Structure formats: C-alpha cells, structure tokens
file query_27.cif (mmCIF, C-alpha atoms)
data_upload
#
loop_
_atom_site.group_PDB
_atom_site.id
_atom_site.type_symbol
_atom_site.label_atom_id
_atom_site.label_comp_id
_atom_site.auth_asym_id
_atom_site.auth_seq_id
_atom_site.Cartn_x
_atom_site.Cartn_y
_atom_site.Cartn_z
ATOM 1 C CA ASN B 1 13.226 -24.099 5.334
ATOM 2 C CA ARG B 2 14.480 -23.520 8.881
ATOM 3 C CA PRO B 3 11.841 -22.575 11.502
ATOM 4 C CA SER B 4 12.315 -19.308 13.357
ATOM 5 C CA GLU B 5 11.913 -19.528 17.136
ATOM 6 C CA ARG B 6 9.944 -16.654 18.656
ATOM 7 C CA ILE B 7 9.660 -15.897 22.367
ATOM 8 C CA ASP B 8 9.572 -12.840 24.641
ATOM 9 C CA GLN B 9 7.959 -10.804 21.846
ATOM 10 C CA PRO B 10 5.287 -8.108 22.208
ATOM 11 C CA ALA B 11 1.727 -8.946 21.208
ATOM 12 C CA GLU B 12 1.415 -9.376 17.454
ATOM 13 C CA ILE B 13 -1.237 -9.562 14.753
ATOM 14 C CA ILE B 14 -0.336 -11.061 11.380
ATOM 15 C CA ALA B 15 -2.580 -10.492 8.351
ATOM 16 C CA VAL B 16 -1.765 -12.997 5.601
ATOM 17 C CA ILE B 17 -1.918 -11.464 2.115
ATOM 18 C CA SER B 18 -0.696 -14.370 -0.002
ATOM 19 C CA GLY B 19 1.050 -17.697 0.407
ATOM 20 C CA LEU B 20 0.927 -19.711 3.627
ATOM 21 C CA TYR B 21 2.030 -18.915 7.163
ATOM 22 C CA HIS B 22 2.938 -21.953 9.268
ATOM 23 C CA ALA B 23 3.546 -22.094 13.016
ATOM 24 C CA THR B 24 4.026 -24.689 15.726
ATOM 25 C CA VAL B 25 3.069 -23.913 19.313
ATOM 26 C CA GLY B 26 3.537 -25.729 22.596
ATOM 27 C CA LYS B 27 5.987 -28.465 23.526
ATOM 28 C CA GLY B 28 5.813 -32.184 24.128
ATOM 29 C CA SER B 29 2.284 -33.581 24.261
ATOM 30 C CA ARG B 30 0.836 -30.057 23.915
ATOM 31 C CA ARG B 31 2.625 -29.402 20.639
ATOM 32 C CA ARG B 32 0.383 -28.515 17.690
ATOM 33 C CA SER B 33 0.788 -26.912 14.279
ATOM 34 C CA PHE B 34 -1.473 -24.806 12.101
ATOM 35 C CA THR B 35 -1.353 -23.010 8.760
ATOM 36 C CA ALA B 36 -2.965 -19.687 7.859
ATOM 37 C CA GLY B 37 -3.733 -18.661 4.299
ATOM 38 C CA PRO B 38 -4.783 -15.466 2.497
ATOM 39 C CA GLY B 39 -7.482 -13.547 4.340
ATOM 40 C CA GLU B 40 -6.718 -15.146 7.690
ATOM 41 C CA VAL B 41 -5.403 -13.188 10.667
ATOM 42 C CA VAL B 42 -3.191 -14.658 13.388
ATOM 43 C CA PHE B 43 -2.985 -13.231 16.906
ATOM 44 C CA TRP B 44 -0.078 -13.883 19.283
ATOM 45 C CA PRO B 45 -0.279 -12.609 22.882
ATOM 46 C CA GLU B 46 2.816 -11.192 24.548
ATOM 47 C CA HIS B 47 5.634 -13.698 25.251
ATOM 48 C CA ALA B 48 3.904 -16.457 23.256
ATOM 49 C CA TYR B 49 6.394 -19.178 22.310
ATOM 50 C CA ARG B 50 6.161 -20.534 18.763
ATOM 51 C CA LEU B 51 8.172 -21.792 15.814
ATOM 52 C CA GLU B 52 7.343 -19.936 12.607
ATOM 53 C CA SER B 53 8.150 -21.159 9.126
ATOM 54 C CA THR B 54 7.225 -20.596 5.513
ATOM 55 C CA ILE B 55 6.308 -23.242 2.959
ATOM 56 C CA PRO B 56 8.727 -23.057 -0.024
ATOM 57 C CA SER B 57 5.999 -23.795 -2.559
ATOM 58 C CA ALA B 58 3.806 -21.001 -1.120
ATOM 59 C CA PRO B 59 6.025 -18.220 0.327
ATOM 60 C CA CYS B 60 4.120 -16.050 2.756
ATOM 61 C CA ARG B 61 3.504 -12.331 2.259
ATOM 62 C CA CYS B 62 1.858 -10.677 5.213
ATOM 63 C CA TYR B 63 1.521 -7.574 7.373
ATOM 64 C CA TYR B 64 2.804 -7.575 10.964
ATOM 65 C CA VAL B 65 1.656 -5.250 13.740
ATOM 66 C CA TYR B 66 3.350 -5.273 17.158
ATOM 67 C CA PHE B 67 1.717 -3.676 20.188
ATOM 68 C CA HIS B 68 1.542 -3.734 23.981
ATOM 69 C CA TRP B 69 -1.642 -5.304 25.382
ATOM 70 C CA PRO B 70 -1.142 -6.292 29.033
ATOM 71 C CA ASN B 71 -4.816 -6.898 29.914
ATOM 72 C CA ARG B 72 -5.935 -8.905 26.917
ATOM 73 C CA ASN B 73 -8.964 -11.178 26.811
ATOM 74 C CA PRO B 74 -7.554 -14.678 27.580
ATOM 75 C CA GLY B 75 -10.318 -16.350 25.573
ATOM 76 C CA LEU B 76 -9.283 -15.003 22.178
ATOM 77 C CA PRO B 77 -8.539 -17.569 19.458
ATOM 78 C CA THR B 78 -5.226 -17.747 17.640
ATOM 79 C CA MET B 79 -6.790 -17.200 14.233
ATOM 80 C CA ALA B 80 -9.801 -15.522 12.616
ATOM 81 C CA TYR B 81 -10.920 -14.876 9.049
ATOM 82 C CA ASP B 82 -10.945 -11.236 7.909
ATOM 83 C CA TYR B 83 -13.981 -11.720 5.680
ATOM 84 C CA ASN B 84 -14.507 -7.990 4.998
ATOM 85 C CA ARG B 85 -10.736 -7.291 4.648
ATOM 86 C CA VAL B 86 -11.057 -4.632 7.343
ATOM 87 C CA ILE B 87 -7.893 -5.625 9.242
ATOM 88 C CA ARG B 88 -5.926 -5.811 6.017
ATOM 89 C CA GLN B 89 -7.024 -2.290 5.058
ATOM 90 C CA LEU B 90 -6.325 -0.889 8.524
ATOM 91 C CA VAL B 91 -2.831 -2.366 8.735
ATOM 92 C CA SER B 92 -1.982 -1.442 5.150
ATOM 93 C CA HIS B 93 -3.012 2.152 5.753
ATOM 94 C CA LEU B 94 -1.048 2.417 8.993
ATOM 95 C CA ILE B 95 2.122 1.087 7.368
ATOM 96 C CA THR B 96 1.696 3.386 4.362
ATOM 97 C CA VAL B 97 1.269 6.475 6.521
ATOM 98 C CA ARG B 98 4.288 5.650 8.676
ATOM 99 C CA ARG B 99 6.463 5.088 5.598
ATOM 100 C CA THR B 100 5.358 7.965 3.378
ATOM 101 C CA SER B 101 4.226 10.798 5.642
ATOM 102 C CA PHE B 102 6.398 13.925 5.494
ATOM 103 C CA PHE B 103 4.997 14.963 8.858
ATOM 104 C CA TRP B 104 5.387 13.530 12.314
ATOM 105 C CA VAL B 105 2.565 11.063 12.876
ATOM 106 C CA PRO B 106 0.980 11.628 16.324
ATOM 107 C CA HIS B 107 1.056 8.697 18.739
ATOM 108 C CA SER B 108 -2.685 9.128 19.212
ATOM 109 C CA TYR B 109 -3.156 8.436 15.491
ATOM 110 C CA VAL B 110 -1.038 5.255 15.597
ATOM 111 C CA ASN B 111 -2.747 4.109 18.800
ATOM 112 C CA LEU B 112 -6.144 4.651 17.189
ATOM 113 C CA TRP B 113 -5.252 2.355 14.312
ATOM 114 C CA CYS B 114 -3.811 -0.337 16.616
ATOM 115 C CA GLN B 115 -6.974 -0.191 18.720
ATOM 116 C CA ALA B 116 -9.101 -0.510 15.577
ATOM 117 C CA VAL B 117 -7.143 -3.606 14.487
ATOM 118 C CA ILE B 118 -7.547 -5.201 17.928
ATOM 119 C CA MET B 119 -11.255 -4.386 18.114
ATOM 120 C CA GLU B 120 -11.869 -5.823 14.657
ATOM 121 C CA PHE B 121 -10.038 -9.044 15.594
ATOM 122 C CA ILE B 122 -12.130 -9.303 18.770
ATOM 123 C CA ARG B 123 -15.269 -8.751 16.704
ATOM 124 C CA LEU B 124 -14.256 -11.424 14.184
ATOM 125 C CA SER B 125 -13.376 -13.950 16.897
ATOM 126 C CA THR B 126 -16.726 -13.328 18.589
ATOM 127 C CA VAL B 127 -18.625 -13.722 15.324
ATOM 128 C CA ILE B 128 -17.116 -17.170 14.861
ATOM 129 C CA ARG B 129 -18.674 -18.398 18.096
ATOM 130 C CA ASP B 130 -22.086 -16.727 18.260
ATOM 131 C CA PRO B 131 -24.797 -17.000 15.578
ATOM 132 C CA LEU B 132 -26.752 -14.134 17.189
ATOM 133 C CA LEU B 133 -23.880 -11.748 16.525
ATOM 134 C CA VAL B 134 -23.365 -13.085 13.007
ATOM 135 C CA THR B 135 -26.986 -12.225 12.200
ATOM 136 C CA VAL B 136 -26.881 -8.764 13.782
ATOM 137 C CA ILE B 137 -23.559 -7.801 12.221
ATOM 138 C CA ARG B 138 -24.613 -8.908 8.742
ATOM 139 C CA TYR B 139 -27.921 -7.067 9.003
ATOM 140 C CA THR B 140 -26.143 -3.921 10.191
ATOM 141 C CA GLU B 141 -23.603 -4.019 7.354
ATOM 142 C CA ASP B 142 -26.327 -4.633 4.753
ATOM 143 C CA HIS B 143 -28.592 -1.800 5.977
ATOM 144 C CA LEU B 144 -26.083 0.801 7.170
ATOM 145 C CA ALA B 145 -27.198 3.394 4.636
ATOM 146 C CA GLY B 146 -30.785 3.274 5.875
ATOM 147 C CA SER B 147 -32.669 3.409 9.134
ATOM 148 C CA ILE B 148 -31.827 0.730 11.725
ATOM 149 C CA GLU B 149 -33.936 0.537 14.863
ATOM 150 C CA LEU B 150 -33.552 -1.707 17.891
ATOM 151 C CA ILE B 151 -36.772 -3.502 17.009
ATOM 152 C CA ASP B 152 -35.351 -4.315 13.556
ATOM 153 C CA LEU B 153 -32.280 -5.984 15.060
ATOM 154 C CA ALA B 154 -34.265 -7.856 17.712
ATOM 155 C CA ARG B 155 -36.655 -9.146 15.056
ATOM 156 C CA GLN B 156 -33.738 -10.647 13.100
ATOM 157 C CA VAL B 157 -32.842 -12.916 16.029
ATOM 158 C CA GLU B 158 -36.451 -13.438 17.209
ATOM 159 C CA LEU B 159 -35.933 -11.921 20.653
ATOM 160 C CA GLU B 160 -37.763 -9.327 22.689
ATOM 161 C CA PRO B 161 -35.801 -6.024 22.452
ATOM 162 C CA HIS B 162 -34.877 -5.831 26.154
ATOM 163 C CA HIS B 163 -33.659 -9.444 26.268
ATOM 164 C CA PHE B 164 -31.794 -8.984 22.978
ATOM 165 C CA THR B 165 -30.059 -5.824 24.269
ATOM 166 C CA ARG B 166 -28.937 -7.629 27.421
ATOM 167 C CA LYS B 167 -27.483 -10.569 25.473
ATOM 168 C CA PHE B 168 -25.749 -8.320 22.969
ATOM 169 C CA ARG B 169 -24.199 -6.213 25.733
ATOM 170 C CA GLN B 170 -22.909 -9.348 27.455
ATOM 171 C CA HIS B 171 -21.039 -10.346 24.288
ATOM 172 C CA CYS B 172 -19.851 -6.962 23.006
ATOM 173 C CA GLY B 173 -19.743 -4.663 26.030
ATOM 174 C CA MET B 174 -22.060 -2.152 24.335
ATOM 175 C CA THR B 175 -25.707 -1.872 23.367
ATOM 176 C CA PRO B 176 -26.847 -2.878 19.868
ATOM 177 C CA MET B 177 -27.579 0.725 18.910
ATOM 178 C CA ALA B 178 -24.175 1.882 20.211
ATOM 179 C CA TYR B 179 -22.645 -0.773 17.945
ATOM 180 C CA VAL B 180 -24.663 0.473 14.966
ATOM 181 C CA ARG B 181 -23.604 4.044 15.713
ATOM 182 C CA ARG B 182 -19.955 3.013 15.938
ATOM 183 C CA ARG B 183 -20.117 1.110 12.648
ATOM 184 C CA ARG B 184 -21.611 4.156 10.939
ATOM 185 C CA GLY B 185 -18.687 6.220 12.227
ATOM 186 C CA GLU B 186 -16.089 3.625 11.221
ATOM 187 C CA HIS B 187 -17.510 3.344 7.698
ATOM 188 C CA ALA B 188 -17.523 7.139 7.391
ATOM 189 C CA ILE B 189 -13.879 7.349 8.502
ATOM 190 C CA MET B 190 -12.865 4.646 6.030
ATOM 191 C CA GLN B 191 -14.558 6.529 3.190
ATOM 192 C CA LEU B 192 -12.803 9.745 4.192
ATOM 193 C CA TRP B 193 -9.419 8.027 4.132
ATOM 194 C CA GLN B 194 -10.057 6.331 0.812
ATOM 195 C CA ASN B 195 -11.801 9.283 -0.893
ATOM 196 C CA PRO B 196 -10.849 12.520 0.898
ATOM 197 C CA GLU B 197 -12.577 14.631 -1.756
ATOM 198 C CA LEU B 198 -16.013 13.286 -0.775
ATOM 199 C CA SER B 199 -18.283 15.721 1.035
ATOM 200 C CA LEU B 200 -19.787 14.904 4.405
ATOM 201 C CA GLU B 201 -23.218 15.025 2.778
ATOM 202 C CA THR B 202 -22.222 12.260 0.333
ATOM 203 C CA ILE B 203 -20.605 10.127 3.003
ATOM 204 C CA GLY B 204 -23.612 10.663 5.246
ATOM 205 C CA ARG B 205 -25.939 9.204 2.626
ATOM 206 C CA HIS B 206 -23.754 6.066 2.519
ATOM 207 C CA VAL B 207 -23.777 5.559 6.289
ATOM 208 C CA GLY B 208 -27.308 6.618 7.160
ATOM 209 C CA ILE B 209 -26.542 10.009 8.739
ATOM 210 C CA ARG B 210 -28.018 12.911 6.800
ATOM 211 C CA ASP B 211 -26.928 15.748 9.105
ATOM 212 C CA PRO B 212 -23.249 16.718 8.398
ATOM 213 C CA ARG B 213 -22.916 18.236 11.883
ATOM 214 C CA HIS B 214 -24.029 14.989 13.468
ATOM 215 C CA LEU B 215 -21.648 13.035 11.254
ATOM 216 C CA ARG B 216 -18.750 15.346 12.120
ATOM 217 C CA ARG B 217 -19.384 14.850 15.849
ATOM 218 C CA LEU B 218 -19.621 11.073 15.405
ATOM 219 C CA ILE B 219 -16.336 10.891 13.497
ATOM 220 C CA ARG B 220 -14.613 12.859 16.256
ATOM 221 C CA GLU B 221 -16.225 10.610 18.888
ATOM 222 C CA VAL B 222 -15.093 7.383 17.195
ATOM 223 C CA SER B 223 -11.603 8.444 16.083
ATOM 224 C CA SER B 224 -10.583 11.354 18.388
ATOM 225 C CA LEU B 225 -9.428 13.031 15.155
ATOM 226 C CA SER B 226 -10.788 15.983 13.215
ATOM 227 C CA ILE B 227 -11.977 15.784 9.607
ATOM 228 C CA VAL B 228 -8.874 17.752 8.568
ATOM 229 C CA ASP B 229 -6.548 15.295 10.334
ATOM 230 C CA ILE B 230 -8.215 12.291 8.706
ATOM 231 C CA ARG B 231 -8.078 13.796 5.226
ATOM 232 C CA ARG B 232 -4.419 14.721 5.720
ATOM 233 C CA HIS B 233 -3.544 11.062 6.332
ATOM 234 C CA GLN B 234 -5.619 9.576 3.545
ATOM 235 C CA THR B 235 -4.602 6.385 1.773
ATOM 236 C CA PRO B 236 -2.454 7.205 -1.298
#

call {"tool": "encode", "arguments": {"input": "query_27.cif", "output": "structure tokens"}}
result
Amino acid sequence: NRPSERIDQPAEIIAVISGLYHATVGKGSRRRSFTAGPGEVVFWPEHAYRLESTIPSAPCRCYYVYFHWPNRNPGLPTMAYDYNRVIRQLVSHLITVRRTSFFWVPHSYVNLWCQAVIMEFIRLSTVIRDPLLVTVIRYTEDHLAGSIELIDLARQVELEPHHFTRKFRQHCGMTPMAYVRRRRGEHAIMQLWQNPELSLETIGRHVGIRDPRHLRRLIREVSSLSIVDIRRHQTP
C-alpha cells in the first residue's frame, strides 16, 4: 500500500462510507497520523499537505467534495462525526444529480449543496466542543414537529433567555430562533428531495409549520430555489 502525497489541492471534505481512511500530516516532530472510519468526515483546507493511504484489510469507500473556501474558520478540526448522516446524504445527492441529470445543473444549485455540506461540518465541529449547543441541537431535532419557543430552549440549558441568546449567537452567528427556523427549512427541503410527491401540508406537519405559504417562503429563503426546482432534482 503506497501512500499518495497530496499538496496544492483545493479545500476538500471526505465522508467515509465504509472501510478506513488513513492520513499522515506534518513533517518531522510535527508529524502525526489518524484514521477515520464509517460515519466520520474529514476536512482538508486548501493547500494542506498530507499523505493518504488505505488499509488493505479495510479498503476505504468514501465521497469526496472539492471546493474553494478562501476565508475559512482557522479553528475547524480535521475530523467530525456525522451522527445524523446529513453530510453523507447531501454529498450523495449532489453526486447523483451531477451524474444522472439530463438538464444543465445551475451553479447556484451546486453552490447551495456545497454550502450546506460546509455549514453542517461547522455545526458538527462546534457540537463536539460545546455542551450548550449539544443540548439545544438535540432538543430542536427532537421537537421540530411541534412548537419551540425561546424560553423552551433557554430552560434546557438553565439560562435566562437574553443571556442564552447572546451565548448562542457568539457560537453560531445567529439567534436560537433563527437556527430553529433554518432547521425547519432544511428538514422540509430534505423531505421534498426524498419524497417529491409529498404535499406542503404534510411536510409542514413534520417540521412544525402549518401554513403552506409560510413554508414555501421559508424553503425559498433557505435554499434560494423554488419548490418546482427542488422537486425536479429529487433523489432517485
């Protein structure tokens, strides 16, 4: 098994599906190795030097996404665990659409998916470090179909709502309720892609938005795509 030297590459995210991905980074006294398994996601910034290799007894199968990200957050970790398989689904869908679509796929559509992958990796890497966010994110995912108020989220972490909002914004760059709203939109979009025959009324019941007009506006706000565009590019 001969390692493959990588340098002067664009930014890259690798979602491991099966087997083991092995890489060595740094040189001399800074040299270190790590292995990523199924469910783990590896992030390489632009021009990151590394030696990649596979383990013969566990050949790696994974998805690769290359993108340009000049102003990245320098504090991001190399690896995170995709515990909800969101990155895997996003990357799989993007690759499927690019390979099978009979129509030209707009750059805005591809950029949207790349941005979603990056944002999910940032979210996962933040979750690893902050128990407050772990609690809020889990509560949001568990109660998305119902009513979620700011006081509900603040109560989960035992903080006064104003103080909680300030801390959450510091970590995520948005308010807690803006995060909840975005997650409702992202879940709705995912359901549209996976089940394009579902009505907006049905999807709305799953994501806590009963008004189809409100849901339609939210989907456009989150994705910059129309309902027709999303259904056209559904997952086969």

call {"tool": "resolve_selection", "arguments": {"input": "query_27.cif", "expression": "the PyMOL selection byres ((chain B and resi 214) around 12)", "output": "PyMOL selection string"}}
result
chain B and resi 181+184-185+188+200-201+204+207-213+215-221

call {"tool": "resolve_selection", "arguments": {"input": "query_27.cif", "expression": "the PyMOL selection byres ((chain B and resi 39) around 7)", "output": "PDB file with C-alpha atoms, in the frame of the given file"}}
result
ATOM      1  CA  VAL B  16      -1.765 -12.997   5.601  1.00  0.00           C
ATOM      2  CA  ILE B  17      -1.918 -11.464   2.115  1.00  0.00           C
ATOM      3  CA  GLY B  37      -3.733 -18.661   4.299  1.00  0.00           C
ATOM      4  CA  PRO B  38      -4.783 -15.466   2.497  1.00  0.00           C
ATOM      5  CA  GLU B  40      -6.718 -15.146   7.690  1.00  0.00           C
ATOM      6  CA  VAL B  41      -5.403 -13.188  10.667  1.00  0.00           C
ATOM      7  CA  TYR B  81     -10.920 -14.876   9.049  1.00  0.00           C
ATOM      8  CA  ASP B  82     -10.945 -11.236   7.909  1.00  0.00           C
ATOM      9  CA  TYR B  83     -13.981 -11.720   5.680  1.00  0.00           C
TER      10      TYR B  83
END

call {"tool": "atom_distance", "arguments": {"input": "query_27.cif", "atom1": "atom CA of B:His68", "atom2": "atom CA of B:Glu46"}}
result
7.6 Å

call {"tool": "residues_around", "arguments": {"input": "query_27.cif", "residues": "B:Thr78", "least_positions_apart": "2", "cutoff": "8 Å", "atoms": "only C-alpha atoms", "output": "list in words"}}
result
Val42, Phe43, Trp44, Leu76 and Ala80 of chain B

call {"tool": "resolve_selection", "arguments": {"input": "query_27.cif", "expression": "the PyMOL selection byres ((chain B and resi 13) around 9)", "output": "PDB file with C-alpha atoms, in the frame of the given file"}}
result
ATOM      1  CA  ALA B  11       1.727  -8.946  21.208  1.00  0.00           C
ATOM      2  CA  GLU B  12       1.415  -9.376  17.454  1.00  0.00           C
ATOM      3  CA  ILE B  14      -0.336 -11.061  11.380  1.00  0.00           C
ATOM      4  CA  ALA B  15      -2.580 -10.492   8.351  1.00  0.00           C
ATOM      5  CA  VAL B  41      -5.403 -13.188  10.667  1.00  0.00           C
ATOM      6  CA  VAL B  42      -3.191 -14.658  13.388  1.00  0.00           C
ATOM      7  CA  PHE B  43      -2.985 -13.231  16.906  1.00  0.00           C
ATOM      8  CA  TRP B  44      -0.078 -13.883  19.283  1.00  0.00           C
ATOM      9  CA  PRO B  45      -0.279 -12.609  22.882  1.00  0.00           C
ATOM     10  CA  TYR B  63       1.521  -7.574   7.373  1.00  0.00           C
ATOM     11  CA  TYR B  64       2.804  -7.575  10.964  1.00  0.00           C
ATOM     12  CA  VAL B  65       1.656  -5.250  13.740  1.00  0.00           C
ATOM     13  CA  TYR B  66       3.350  -5.273  17.158  1.00  0.00           C
ATOM     14  CA  PHE B  67       1.717  -3.676  20.188  1.00  0.00           C
ATOM     15  CA  VAL B 117      -7.143  -3.606  14.487  1.00  0.00           C
ATOM     16  CA  ILE B 118      -7.547  -5.201  17.928  1.00  0.00           C
ATOM     17  CA  PHE B 121     -10.038  -9.044  15.594  1.00  0.00           C
TER      18      PHE B 121
END

call {"tool": "atom_distance", "arguments": {"input": "query_27.cif", "atom1": "atom CA of B:Ala48", "atom2": "atom CA of B:Pro10"}}
result
8.5 Å

call {"tool": "residues_around", "arguments": {"input": "query_27.cif", "residues": "stretch 145-150 of chain B", "least_positions_apart": "3", "cutoff": "9 Å", "atoms": "only C-alpha atoms", "output": "list of chain:residue names"}}
result
B:Thr140, B:Glu141, B:Asp142, B:Leu153, B:Ala154, B:Arg155, B:Pro161, B:Thr165, B:Pro176, B:Met177, B:Val180, B:Arg184, B:Gly204, B:Arg205, B:His206, B:Val207, B:Gly208, B:Ile209

call {"tool": "atom_distance", "arguments": {"input": "query_27.cif", "atom1": "atom CA of B:Glu197", "atom2": "atom CA of B:Ser226"}}
result
15.1 Å

call {"tool": "closest_residue", "arguments": {"input": "query_27.cif", "among": "B:Gly26, B:Leu94, B:Phe34, B:Ser18", "to": "B:Asn111", "atoms": "only C-alpha atoms"}}
result
B:Leu94

call {"tool": "closest_residue", "arguments": {"input": "query_27.cif", "among": "B:Gln89, B:Ser29, B:Thr135, B:Gln9", "to": "B:Trp193", "atoms": "all atoms listed in the file"}}
result
B:Gln89

call {"tool": "axis_aligned_box", "arguments": {"input": "query_27.cif", "around": "stretch 143-162 of chain B", "padding_each_side": "6 Å", "output": "lines of an AutoDock Vina configuration file"}}
result
center_x = -31.9
center_y = -5.0
center_z = 15.4
size_x = 23.7
size_y = 28.8
size_z = 33.5

call {"tool": "closest_residue", "arguments": {"input": "query_27.cif", "among": "B:Leu133, B:Leu198, B:Ile122, B:Cys62", "to": "B:Ser92", "atoms": "only C-alpha atoms"}}
result
B:Cys62

call {"tool": "decode", "arguments": {"input": "query_27.cif", "residues": "stretch 134-147 of chain B", "atoms": "N, CA and C atoms", "output": "compact mmCIF listing (two decimals), in the first residue's frame"}}
result
# COMPACT_ATOMS: atom_id res chain seq x y z
N VAL B 134 -24.87 21.18 22.13
CA VAL B 134 -25.33 19.79 22.04
C VAL B 134 -26.76 19.69 22.56
N THR B 135 -27.02 20.31 23.71
CA THR B 135 -28.35 20.25 24.32
C THR B 135 -29.39 20.93 23.44
N VAL B 136 -29.08 22.12 22.94
CA VAL B 136 -30.03 22.88 22.13
C VAL B 136 -30.33 22.17 20.82
N ILE B 137 -29.30 21.66 20.18
CA ILE B 137 -29.47 20.99 18.89
C ILE B 137 -30.31 19.73 19.05
N ARG B 138 -30.02 18.96 20.08
CA ARG B 138 -30.79 17.72 20.29
C ARG B 138 -32.25 18.04 20.60
N TYR B 139 -32.48 19.05 21.42
CA TYR B 139 -33.86 19.42 21.75
C TYR B 139 -34.59 19.87 20.49
N THR B 140 -33.92 20.67 19.67
CA THR B 140 -34.54 21.17 18.44
C THR B 140 -34.90 20.01 17.51
N GLU B 141 -33.97 19.08 17.32
CA GLU B 141 -34.23 17.95 16.42
C GLU B 141 -35.37 17.08 16.95
N ASP B 142 -35.45 16.92 18.26
CA ASP B 142 -36.48 16.05 18.86
C ASP B 142 -37.86 16.69 18.85
N HIS B 143 -37.94 18.02 18.78
CA HIS B 143 -39.23 18.71 18.91
C HIS B 143 -39.57 19.55 17.68
N LEU B 144 -38.94 19.25 16.55
CA LEU B 144 -39.10 20.09 15.37
C LEU B 144 -40.54 20.12 14.86
N ALA B 145 -41.27 19.05 15.05
CA ALA B 145 -42.64 18.99 14.55
C ALA B 145 -43.61 19.80 15.40
N GLY B 146 -43.19 20.21 16.58
CA GLY B 146 -44.07 20.95 17.47
C GLY B 146 -43.63 22.39 17.64
N SER B 147 -44.17 23.00 18.66
CA SER B 147 -43.85 24.40 18.96
C SER B 147 -42.54 24.46 19.75
